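Visitor: I have a structure here, written as structure tokens, and I will follow up with some questions on it.
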Amino acid sequence: MSNLQFDFTVDKATKTVYITRAFDANLALVWDAFTKQEILDQWWAPKPWMSKTKSMDFRVGGRRFYAMVSPEGQESWQIQDYTSITPKTNFKYLSVFADKDENPNLPGSNWDLNFSEQNGITKVYIIIYNESLERMEKMLEMGFKEGFTMTLNELDALLMLKK
């Protein structure tokens with residue numbers, strides 16, 4: 001793993017998680033990794049889990065519907081409803097767990113992803129606001145910090161291959 005910046009902060013008072021992660025890759029490549037289904041499915045899950053996108057329409061009002069799939073084939077479905085997109089700078093979505101028929105299990109969390117590049121290093125700053133403290137605490141108990149850290153490391157490894 002690279003020694004680039006990584007920070008993961010939980011603020012229970014505001015029901016918010018703040019994540020900063022730097023990647024040794026240009027902005028266009030990192031943006032594509034977060035916004036293109038064929039690249040997302042290569043890294044958007046902590047190993048040995050896999051990401052399987054059923055549908056993705058990356059536009060305001062669009063949606064990604066995908067599952068995290070365990071090695072045994074167990075599927076955990078999620079919906080990302082895109083609410084705002086500023087190309088190569090920022091996008092936002094509402095993330096909710098769902099069943100296999102795309103029925104949401106509210107409440108969800110609002111993700112705000114910001115991208116910037118300096119000297120070939122791209123920084124991704126993620127703010128995750130949870131609609132309920134209970135949901136945030138459940139996410140953390142399920143190992144969100146460890147899992148998402150592993151997931152971002154998967155992206156780092158993938159980006160190194162693409163350099």
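As shown in the structure tokens, the chain order sets the letters A, B, ...; within each chain, residues go from 1, and ligands are also counted from 1 in the order they appear.
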So which residues touch region 125-133 of chain A within 8 Å, counting only C-alpha atoms, skipping near sequence neighbours fewer than 3 positions away, as a PyMOL selection string?
Guide: chain A and resi 12+14-21+107-115+136-137
Visitor: Can you pull out every residue within 8 Å of region 37-40 of chain A, counting only C-alpha atoms, but drop anything in the same chain fewer than 5 positions away, and send it as a ChimeraX atom specification?
Guide: /A:32,51,53,56
Visitor: With C-alpha atoms retained, export the selected residues as an mmCIF file, in the first residue's frame.
Guide:
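Saved to part14.cif:
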data_model
loop_
_atom_site.group_PDB
_atom_site.id
_atom_site.type_symbol
_atom_site.label_atom_id
_atom_site.label_comp_id
_atom_site.auth_asym_id
_atom_site.auth_seq_id
_atom_site.Cartn_x
_atom_site.Cartn_y
_atom_site.Cartn_z
ATOM 1 C CA ASP A 32 -13.660 6.992 -14.193
ATOM 2 C CA SER A 51 -19.240 -6.033 -6.669
ATOM 3 C CA THR A 53 -23.749 -4.070 -10.895
ATOM 4 C CA MET A 56 -26.098 1.881 -13.727
#
Visitor: For Glu154 (chain A), find every residue with an atom within 8 Å (counting only C-alpha atoms), except residues of its own chain fewer than 3 positions away, and show them as a list in words.
Guide: Trp43, Trp44, Pro46, Met150, Thr151, Ala157 and Leu158 of chain A
Visitor: How would the residues just chosen look if you wrote them out with C-alpha atoms as a short mmCIF file (atom, residue, chain, number, x, y, z; two decimals), in the first residue's frame?
Guide:
data_model
loop_
_atom_site.label_atom_id
_atom_site.label_comp_id
_atom_site.auth_asym_id
_atom_site.auth_seq_id
_atom_site.Cartn_x
_atom_site.Cartn_y
_atom_site.Cartn_z
CA TRP A 43 -12.76 -2.75 -6.92
CA TRP A 44 -15.97 -1.63 -5.13
CA PRO A 46 -13.53 -5.64 0.14
CA MET A 150 -9.77 -2.48 2.04
CA THR A 151 -11.97 -1.37 -0.86
CA ALA A 157 -3.82 -1.47 -6.59
CA LEU A 158 -6.00 -1.26 -9.71
#
Visitor: Hey, what does DSSP flag as strand (DSSP E or B) within region 23-139 of chain A? Can you give it to me as a ChimeraX atom specification?
Guide: /A:23,50-56,63-69,75-86,90-98,104-118,121-130
Visitor: Could you take the residues named above and write them with C-alpha atoms, as a PDB file, in the first residue's frame?
Guide:
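The resulting file, result_17.pdb, is reproduced below:
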ATOM      1  CA  PHE A  23      -4.187   8.178  -5.130  1.00  0.00           C
ATOM      2  CA  MET A  50     -17.151  -8.895  -5.310  1.00  0.00           C
ATOM      3  CA  SER A  51     -19.240  -6.033  -6.669  1.00  0.00           C
ATOM      4  CA  LYS A  52     -21.882  -6.946  -9.248  1.00  0.00           C
ATOM      5  CA  THR A  53     -23.749  -4.070 -10.895  1.00  0.00           C
ATOM      6  CA  LYS A  54     -27.157  -4.984 -12.273  1.00  0.00           C
ATOM      7  CA  SER A  55     -27.788  -1.508 -13.744  1.00  0.00           C
ATOM      8  CA  MET A  56     -26.098   1.881 -13.727  1.00  0.00           C
ATOM      9  CA  ARG A  63     -29.257   5.083 -10.350  1.00  0.00           C
ATOM     10  CA  ARG A  64     -26.760   2.316  -9.734  1.00  0.00           C
ATOM     11  CA  PHE A  65     -28.267  -0.924  -8.469  1.00  0.00           C
ATOM     12  CA  TYR A  66     -25.660  -3.435  -7.374  1.00  0.00           C
ATOM     13  CA  ALA A  67     -24.849  -6.250  -4.998  1.00  0.00           C
ATOM     14  CA  MET A  68     -21.877  -7.047  -2.835  1.00  0.00           C
ATOM     15  CA  VAL A  69     -21.455 -10.779  -3.391  1.00  0.00           C
ATOM     16  CA  GLU A  75     -25.885 -11.017  -2.164  1.00  0.00           C
ATOM     17  CA  SER A  76     -26.261  -7.736  -0.288  1.00  0.00           C
ATOM     18  CA  TRP A  77     -28.068  -5.268  -2.585  1.00  0.00           C
ATOM     19  CA  GLN A  78     -27.706  -1.498  -2.596  1.00  0.00           C
ATOM     20  CA  ILE A  79     -29.120   1.463  -4.497  1.00  0.00           C
ATOM     21  CA  GLN A  80     -27.232   4.664  -5.287  1.00  0.00           C
ATOM     22  CA  ASP A  81     -29.548   7.432  -6.515  1.00  0.00           C
ATOM     23  CA  TYR A  82     -27.471  10.201  -8.125  1.00  0.00           C
ATOM     24  CA  THR A  83     -28.611  13.644  -6.974  1.00  0.00           C
ATOM     25  CA  SER A  84     -25.848  15.940  -8.273  1.00  0.00           C
ATOM     26  CA  ILE A  85     -22.941  15.618 -10.728  1.00  0.00           C
ATOM     27  CA  THR A  86     -20.236  18.155 -11.549  1.00  0.00           C
ATOM     28  CA  ASN A  90     -18.013  16.208  -7.435  1.00  0.00           C
ATOM     29  CA  PHE A  91     -20.976  13.874  -7.369  1.00  0.00           C
ATOM     30  CA  LYS A  92     -23.564  13.080  -4.744  1.00  0.00           C
ATOM     31  CA  TYR A  93     -25.931  10.207  -4.192  1.00  0.00           C
ATOM     32  CA  LEU A  94     -28.332   8.704  -1.711  1.00  0.00           C
ATOM     33  CA  SER A  95     -27.191   5.205  -0.747  1.00  0.00           C
ATOM     34  CA  VAL A  96     -29.724   2.730   0.642  1.00  0.00           C
ATOM     35  CA  PHE A  97     -29.745  -0.992   1.263  1.00  0.00           C
ATOM     36  CA  ALA A  98     -32.340  -2.822  -0.817  1.00  0.00           C
ATOM     37  CA  PRO A 104     -35.228   0.332  -0.655  1.00  0.00           C
ATOM     38  CA  ASN A 105     -34.653  -0.247   3.050  1.00  0.00           C
ATOM     39  CA  LEU A 106     -34.685   3.296   4.445  1.00  0.00           C
ATOM     40  CA  PRO A 107     -33.143   5.265   6.049  1.00  0.00           C
ATOM     41  CA  GLY A 108     -30.070   5.746   3.892  1.00  0.00           C
ATOM     42  CA  SER A 109     -26.961   7.864   3.791  1.00  0.00           C
ATOM     43  CA  ASN A 110     -26.028  10.817   1.599  1.00  0.00           C
ATOM     44  CA  TRP A 111     -22.618  10.518  -0.043  1.00  0.00           C
ATOM     45  CA  ASP A 112     -20.768  13.617  -1.246  1.00  0.00           C
ATOM     46  CA  LEU A 113     -17.585  12.801  -3.207  1.00  0.00           C
ATOM     47  CA  ASN A 114     -15.112  15.547  -4.113  1.00  0.00           C
ATOM     48  CA  PHE A 115     -12.140  15.099  -6.454  1.00  0.00           C
ATOM     49  CA  SER A 116      -9.034  17.258  -6.901  1.00  0.00           C
ATOM     50  CA  GLU A 117      -5.619  16.725  -8.468  1.00  0.00           C
ATOM     51  CA  GLN A 118      -2.259  18.254  -7.692  1.00  0.00           C
ATOM     52  CA  ILE A 121      -1.905  12.941  -7.093  1.00  0.00           C
ATOM     53  CA  THR A 122      -5.694  12.805  -6.973  1.00  0.00           C
ATOM     54  CA  LYS A 123      -7.411  13.373  -3.648  1.00  0.00           C
ATOM     55  CA  VAL A 124     -10.908  12.036  -3.025  1.00  0.00           C
ATOM     56  CA  TYR A 125     -12.731  13.619  -0.098  1.00  0.00           C
ATOM     57  CA  ILE A 126     -15.911  11.776   0.878  1.00  0.00           C
ATOM     58  CA  ILE A 127     -18.565  13.002   3.292  1.00  0.00           C
ATOM     59  CA  ILE A 128     -21.185  10.427   4.304  1.00  0.00           C
ATOM     60  CA  TYR A 129     -24.151  11.878   6.171  1.00  0.00           C
ATOM     61  CA  ASN A 130     -26.437   9.283   7.751  1.00  0.00           C
TER      62      ASN A 130
END
Visitor: List every residue of region 78-163 of chain A that DSSP, applied to the backbone, labels as helix (DSSP H, G or I), and write the result as a list of chain:residue names.
Guide: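 Those in region 78-163 of chain A that DSSP calls helix (DSSP H, G or I) are A:Leu133, A:Glu134, A:Arg135, A:Met136, A:Glu137, A:Lys138, A:Met139, A:Leu140, A:Glu141, A:Phe144, A:Lys145, A:Glu146, A:Gly147, A:Phe148, A:Thr149, A:Met150, A:Thr151, A:Leu152, A:Asn153, A:Glu154, A:Leu155, A:Asp156, A:Ala157, A:Leu158, A:Leu159, A:Met160, A:Leu161, A:Lys162.
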Visitor: So what do you get for CA of Lys162 (chain A) versus CA of Lys36 (chain A), distance-wise?
Guide: 14.9 Å
Visitor: To one decimal place, how far is CA of Ser70 (chain A) from CA of Lys138 (chain A) in Å?
Guide: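 Separation of CA of Ser70 (chain A) and CA of Lys138 (chain A): 19.1 Å.
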Visitor: What is the distance, in Å and to one decimal place, between CA of Ala22 (chain A) and CA of Glu146 (chain A)?
Guide: 17.1 Å
